[in-house]
Amino acid sequence: MSNERKKVFLVDDTEFGLVRTKQFLKDYYTVYALDSSSKMFDLLEKVIPDLILLDIEMPGKDGYEVIKILKNDERYAEVPVIFLSGKYDEESIIKGLSLGAVDYVVKPYSPQDLQSRISYNIDSYKFQGDFHIDRDKNASKQLSILVVDDSPSILRAINFALNNKYKVHTLQKPENLKKVLASIKPDLFLLDYNMPEVNGFDLLRTIREFPEYKETPVIFLTAERSEDNLKEAISLGSSGYILKPFNPNALREKISKCLSVKD
């Protein structure tokens with residue numbers, strides 16, 4: 001096994017942020033401190049990091065724009081990105097996660113916590129595999145939701161938005177739905193519409209094949225605003241849809257209404 005140090009890009013437009021964070025991390029990683037996204041992209045032509053720490057509020061391209069570029073380039077798409085930001089509102093965090101960040105750390109942060117999150121995401125990060133069951137014993141009385149989406153970043157964002165109120169189970173490979181339904185009994189389904197193997201409408205048809213899910217609420221997650229798709233979703237018995245990128249309050253309100261009707 002190689003003993004070579006892992007490489008971390010630290011991108012922050014403030015000198016204090018660069019100096020302070022590099023000082024924390026230099027004993028663990030080879031840290032490249034960069035005060036602009038343009039310098040980061042220049043360095044990416046020569047060095048591929050094991051992880052990128054990315055500020056959000058920067059002149060020129062902000063962190064959200066930068067991560068979109070990274071995730072759309074096959075050379076860097078798999079490099080984990082952690083946002084470091086003073087923006088601590090829920091919508092900012094969910095936006096960061098939904099764009100593909102593996103984590104979001106709010107400034108000011110604990111050096112030990114940051115180092116722990118970096119280590120986890122470099123060495124072992126996977127979004128809970130294909131299927132994740134929420135086994136929190138304290139949440140046994142909570143209603144459960146199964147979220148089916150082929151995007152790990154969307155699954156992370158939805159889990160963040162909902163897991164304080166519901167038991168959130170996630171499935172990344174929709175073709176495994178029948179097998180999953182042998183393990184859990186959701187009170188509501190959140191289904192992505194556009195997925196490469198099985199689309200959301202096909203999933204809804206599969207769900208309705210089970211007698212116990214004939215009346216279970218189903219909400220579609222979609223980036224499309226097609227009236228024809230909406231009509232088909234309603235005809236199949238869905239409870240409506242939520243547009244991506246989603247507003248967390250609108251999502252929770254929609255779910256609450258559907259579950260209230262169910263009850």
# chains A, B, ... in the order shown; residues from 1 in each chain; ligands from 1
call {"tool": "residues_around", "arguments": {"residues": "Glu90 of chain A", "least_positions_apart": "4", "cutoff": "9 Å", "atoms": "only C-alpha atoms", "output": "JSON list (two decimals) with N, CA, C and O atoms, in the first residue's frame"}}
result
[["chain", "number", "residue", "atom", "x", "y", "z"],
["A", 94, "ILE", "N", -28.82, 22.56, 1.27],
["A", 94, "ILE", "CA", -29.47, 21.61, 0.37],
["A", 94, "ILE", "C", -29.05, 21.85, -1.07],
["A", 94, "ILE", "O", -28.81, 20.89, -1.83],
["A", 95, "LYS", "N", -28.91, 23.10, -1.47],
["A", 95, "LYS", "CA", -28.46, 23.39, -2.83],
["A", 95, "LYS", "C", -27.05, 22.82, -3.04],
["A", 95, "LYS", "O", -26.78, 22.19, -4.07],
["A", 161, "ALA", "N", -33.06, 17.15, 4.22],
["A", 161, "ALA", "CA", -34.27, 17.95, 4.38],
["A", 161, "ALA", "C", -35.33, 17.26, 5.23],
["A", 161, "ALA", "O", -36.12, 17.92, 5.89],
["A", 248, "PRO", "N", -37.05, 23.04, 0.18],
["A", 248, "PRO", "CA", -37.28, 22.10, 1.28],
["A", 248, "PRO", "C", -38.60, 22.31, 2.00],
["A", 248, "PRO", "O", -39.27, 21.35, 2.38]]
call {"tool": "residues_around", "arguments": {"residues": "segment 63-78 of chain A", "least_positions_apart": "5", "cutoff": "7 Å", "atoms": "only C-alpha atoms", "output": "list in words"}}
result
Leu54, Asp55, Ile56, Glu57, Gly96 and Leu99 of chain A
call {"tool": "write_last_selection", "arguments": {"atoms": "N, CA, C and O atoms", "output": "CSV table (one decimal), in the first residue's frame"}}
result
chain,number,residue,atom,x,y,z
A,54,LEU,N,-14.1,23.6,-0.8
A,54,LEU,CA,-14.5,24.7,-1.7
A,54,LEU,C,-15.4,25.8,-1.0
A,54,LEU,O,-16.5,25.4,-0.4
A,55,ASP,N,-14.9,27.0,-0.9
A,55,ASP,CA,-15.8,28.1,-0.4
A,55,ASP,C,-16.9,28.4,-1.4
A,55,ASP,O,-16.8,28.1,-2.6
A,56,ILE,N,-18.0,28.9,-0.9
A,56,ILE,CA,-19.1,29.3,-1.8
A,56,ILE,C,-19.0,30.7,-2.3
A,56,ILE,O,-19.1,31.0,-3.5
A,57,GLU,N,-18.9,31.6,-1.4
A,57,GLU,CA,-19.0,33.0,-1.7
A,57,GLU,C,-17.6,33.5,-2.1
A,57,GLU,O,-16.7,33.9,-1.3
A,96,GLY,N,-26.2,23.0,-2.1
A,96,GLY,CA,-24.8,22.5,-2.2
A,96,GLY,C,-24.8,21.0,-2.3
A,96,GLY,O,-24.1,20.4,-3.2
A,99,LEU,N,-26.2,19.7,-5.7
A,99,LEU,CA,-25.3,19.9,-6.8
A,99,LEU,C,-24.1,18.9,-6.8
A,99,LEU,O,-23.3,18.9,-7.8
call {"tool": "select_by_dssp", "arguments": {"residues": "segment 30-72 of chain A", "states": "helix (DSSP H, G or I)", "output": "list in words"}}
result
Ser37, Ser38, Lys39, Met40, Phe41, Asp42, Leu43, Leu44, Gly63, Tyr64, Glu65, Val66, Ile67, Lys68, Ile69, Leu70 and Lys71 of chain A
call {"tool": "closest_residue", "arguments": {"among": "A:Leu143, A:Met58, A:Val8, A:Leu155", "to": "Asp130 of chain A", "atoms": "only C-alpha atoms"}}
result
A:Leu155
call {"tool": "closest_residue", "arguments": {"among": "A:Lys61, A:Val168, A:Ile93, A:Phe9", "to": "Val79 of chain A", "atoms": "only C-alpha atoms"}}
result
A:Phe9
call {"tool": "closest_residue", "arguments": {"among": "A:Asp192, A:Asp134, A:Asp202, A:Glu232", "to": "Ile219 of chain A", "atoms": "only C-alpha atoms"}}
result
A:Asp192
call {"tool": "decode", "arguments": {"residues": "segment 132-179 of chain A", "atoms": "N, CA and C atoms", "output": "mmCIF file, in the first residue's frame"}}
result
data_model
loop_
_atom_site.group_PDB
_atom_site.id
_atom_site.type_symbol
_atom_site.label_atom_id
_atom_site.label_comp_id
_atom_site.auth_asym_id
_atom_site.auth_seq_id
_atom_site.Cartn_x
_atom_site.Cartn_y
_atom_site.Cartn_z
ATOM 1 N N HIS A 132 -30.393 2.223 1.238
ATOM 2 C CA HIS A 132 -30.122 2.521 2.643
ATOM 3 C C HIS A 132 -31.429 2.514 3.421
ATOM 4 N N ILE A 133 -31.459 1.713 4.496
ATOM 5 C CA ILE A 133 -32.608 1.696 5.401
ATOM 6 C C ILE A 133 -32.268 2.521 6.635
ATOM 7 N N ASP A 134 -33.160 3.408 7.007
ATOM 8 C CA ASP A 134 -32.997 4.161 8.247
ATOM 9 C C ASP A 134 -33.366 3.236 9.407
ATOM 10 N N ARG A 135 -32.351 2.835 10.167
ATOM 11 C CA ARG A 135 -32.581 1.908 11.275
ATOM 12 C C ARG A 135 -32.501 2.602 12.638
ATOM 13 N N ASP A 136 -32.690 3.900 12.657
ATOM 14 C CA ASP A 136 -32.649 4.656 13.907
ATOM 15 C C ASP A 136 -33.753 4.162 14.846
ATOM 16 N N LYS A 137 -33.369 3.539 15.959
ATOM 17 C CA LYS A 137 -34.364 2.991 16.883
ATOM 18 C C LYS A 137 -35.233 4.082 17.489
ATOM 19 N N ASN A 138 -34.690 5.293 17.606
ATOM 20 C CA ASN A 138 -35.467 6.393 18.187
ATOM 21 C C ASN A 138 -36.547 6.893 17.237
ATOM 22 N N ALA A 139 -36.445 6.481 15.959
ATOM 23 C CA ALA A 139 -37.412 6.956 14.966
ATOM 24 C C ALA A 139 -38.469 5.904 14.659
ATOM 25 N N SER A 140 -38.613 4.911 15.536
ATOM 26 C CA SER A 140 -39.499 3.787 15.246
ATOM 27 C C SER A 140 -40.957 4.207 15.058
ATOM 28 N N LYS A 141 -41.358 5.309 15.697
ATOM 29 C CA LYS A 141 -42.748 5.751 15.585
ATOM 30 C C LYS A 141 -42.945 6.756 14.452
ATOM 31 N N GLN A 142 -41.884 7.128 13.781
ATOM 32 C CA GLN A 142 -42.016 8.085 12.693
ATOM 33 C C GLN A 142 -42.547 7.401 11.436
ATOM 34 N N LEU A 143 -43.263 8.174 10.631
ATOM 35 C CA LEU A 143 -43.675 7.672 9.331
ATOM 36 C C LEU A 143 -42.440 7.533 8.444
ATOM 37 N N SER A 144 -42.501 6.587 7.507
ATOM 38 C CA SER A 144 -41.326 6.310 6.672
ATOM 39 C C SER A 144 -41.573 6.707 5.221
ATOM 40 N N ILE A 145 -40.503 7.118 4.572
ATOM 41 C CA ILE A 145 -40.546 7.553 3.178
ATOM 42 C C ILE A 145 -39.459 6.818 2.406
ATOM 43 N N LEU A 146 -39.813 6.288 1.248
ATOM 44 C CA LEU A 146 -38.823 5.702 0.352
ATOM 45 C C LEU A 146 -38.578 6.666 -0.795
ATOM 46 N N VAL A 147 -37.336 7.095 -0.940
ATOM 47 C CA VAL A 147 -36.950 8.014 -2.004
ATOM 48 C C VAL A 147 -36.186 7.219 -3.059
ATOM 49 N N VAL A 148 -36.645 7.279 -4.310
ATOM 50 C CA VAL A 148 -35.992 6.568 -5.401
ATOM 51 C C VAL A 148 -35.486 7.597 -6.405
ATOM 52 N N ASP A 149 -34.167 7.677 -6.533
ATOM 53 C CA ASP A 149 -33.553 8.638 -7.445
ATOM 54 C C ASP A 149 -32.180 8.105 -7.802
ATOM 55 N N ASP A 150 -31.788 8.219 -9.070
ATOM 56 C CA ASP A 150 -30.484 7.689 -9.476
ATOM 57 C C ASP A 150 -29.340 8.643 -9.155
ATOM 58 N N SER A 151 -29.644 9.806 -8.606
ATOM 59 C CA SER A 151 -28.607 10.791 -8.274
ATOM 60 C C SER A 151 -28.268 10.738 -6.789
ATOM 61 N N PRO A 152 -27.041 10.339 -6.424
ATOM 62 C CA PRO A 152 -26.657 10.334 -5.005
ATOM 63 C C PRO A 152 -26.767 11.708 -4.367
ATOM 64 N N SER A 153 -26.476 12.763 -5.133
ATOM 65 C CA SER A 153 -26.516 14.110 -4.563
ATOM 66 C C SER A 153 -27.948 14.513 -4.202
ATOM 67 N N ILE A 154 -28.916 14.141 -5.041
ATOM 68 C CA ILE A 154 -30.316 14.433 -4.719
ATOM 69 C C ILE A 154 -30.758 13.629 -3.501
ATOM 70 N N LEU A 155 -30.324 12.377 -3.412
ATOM 71 C CA LEU A 155 -30.661 11.559 -2.245
ATOM 72 C C LEU A 155 -30.101 12.170 -0.969
ATOM 73 N N ARG A 156 -28.866 12.660 -1.028
ATOM 74 C CA ARG A 156 -28.277 13.310 0.150
ATOM 75 C C ARG A 156 -29.079 14.534 0.550
ATOM 76 N N ALA A 157 -29.457 15.340 -0.443
ATOM 77 C CA ALA A 157 -30.180 16.583 -0.159
ATOM 78 C C ALA A 157 -31.558 16.297 0.445
ATOM 79 N N ILE A 158 -32.260 15.312 -0.096
ATOM 80 C CA ILE A 158 -33.583 14.979 0.433
ATOM 81 C C ILE A 158 -33.457 14.391 1.834
ATOM 82 N N ASN A 159 -32.467 13.545 2.032
ATOM 83 C CA ASN A 159 -32.253 12.966 3.357
ATOM 84 C C ASN A 159 -32.004 14.067 4.384
ATOM 85 N N PHE A 160 -31.205 15.059 4.015
ATOM 86 C CA PHE A 160 -30.927 16.184 4.909
ATOM 87 C C PHE A 160 -32.208 16.953 5.224
ATOM 88 N N ALA A 161 -33.057 17.152 4.216
ATOM 89 C CA ALA A 161 -34.268 17.954 4.382
ATOM 90 C C ALA A 161 -35.330 17.257 5.228
ATOM 91 N N LEU A 162 -35.328 15.923 5.224
ATOM 92 C CA LEU A 162 -36.452 15.196 5.824
ATOM 93 C C LEU A 162 -36.125 14.380 7.057
ATOM 94 N N ASN A 163 -34.850 14.077 7.308
ATOM 95 C CA ASN A 163 -34.572 13.033 8.297
ATOM 96 C C ASN A 163 -34.821 13.434 9.739
ATOM 97 N N ASN A 164 -35.104 14.699 10.009
ATOM 98 C CA ASN A 164 -35.466 15.067 11.378
ATOM 99 C C ASN A 164 -36.932 14.777 11.696
ATOM 100 N N LYS A 165 -37.710 14.556 10.638
ATOM 101 C CA LYS A 165 -39.149 14.364 10.847
ATOM 102 C C LYS A 165 -39.628 12.974 10.439
ATOM 103 N N TYR A 166 -38.943 12.356 9.461
ATOM 104 C CA TYR A 166 -39.373 11.062 8.944
ATOM 105 C C TYR A 166 -38.211 10.071 8.930
ATOM 106 N N LYS A 167 -38.559 8.787 8.841
ATOM 107 C CA LYS A 167 -37.557 7.773 8.544
ATOM 108 C C LYS A 167 -37.372 7.765 7.031
ATOM 109 N N VAL A 168 -36.181 8.108 6.580
ATOM 110 C CA VAL A 168 -35.934 8.256 5.152
ATOM 111 C C VAL A 168 -35.106 7.084 4.639
ATOM 112 N N HIS A 169 -35.715 6.262 3.792
ATOM 113 C CA HIS A 169 -35.016 5.178 3.118
ATOM 114 C C HIS A 169 -34.700 5.641 1.700
ATOM 115 N N THR A 170 -33.533 5.281 1.189
ATOM 116 C CA THR A 170 -33.152 5.742 -0.143
ATOM 117 C C THR A 170 -32.765 4.559 -1.029
ATOM 118 N N LEU A 171 -33.128 4.671 -2.307
ATOM 119 C CA LEU A 171 -32.824 3.642 -3.301
ATOM 120 C C LEU A 171 -32.302 4.326 -4.557
ATOM 121 N N GLN A 172 -31.092 3.935 -4.965
ATOM 122 C CA GLN A 172 -30.474 4.568 -6.136
ATOM 123 C C GLN A 172 -30.715 3.781 -7.425
ATOM 124 N N LYS A 173 -30.989 2.488 -7.314
ATOM 125 C CA LYS A 173 -31.224 1.660 -8.492
ATOM 126 C C LYS A 173 -32.689 1.240 -8.513
ATOM 127 N N PRO A 174 -33.504 1.904 -9.308
ATOM 128 C CA PRO A 174 -34.951 1.655 -9.274
ATOM 129 C C PRO A 174 -35.333 0.232 -9.647
ATOM 130 N N GLU A 175 -34.491 -0.448 -10.423
ATOM 131 C CA GLU A 175 -34.817 -1.821 -10.810
ATOM 132 C C GLU A 175 -34.866 -2.775 -9.616
ATOM 133 N N ASN A 176 -34.357 -2.323 -8.463
ATOM 134 C CA ASN A 176 -34.370 -3.160 -7.260
ATOM 135 C C ASN A 176 -35.582 -2.895 -6.358
ATOM 136 N N LEU A 177 -36.556 -2.159 -6.861
ATOM 137 C CA LEU A 177 -37.667 -1.741 -6.013
ATOM 138 C C LEU A 177 -38.416 -2.917 -5.394
ATOM 139 N N LYS A 178 -38.758 -3.919 -6.177
ATOM 140 C CA LYS A 178 -39.546 -5.036 -5.642
ATOM 141 C C LYS A 178 -38.814 -5.725 -4.497
ATOM 142 N N LYS A 179 -37.512 -5.901 -4.655
ATOM 143 C CA LYS A 179 -36.726 -6.544 -3.601
ATOM 144 C C LYS A 179 -36.720 -5.686 -2.342
#
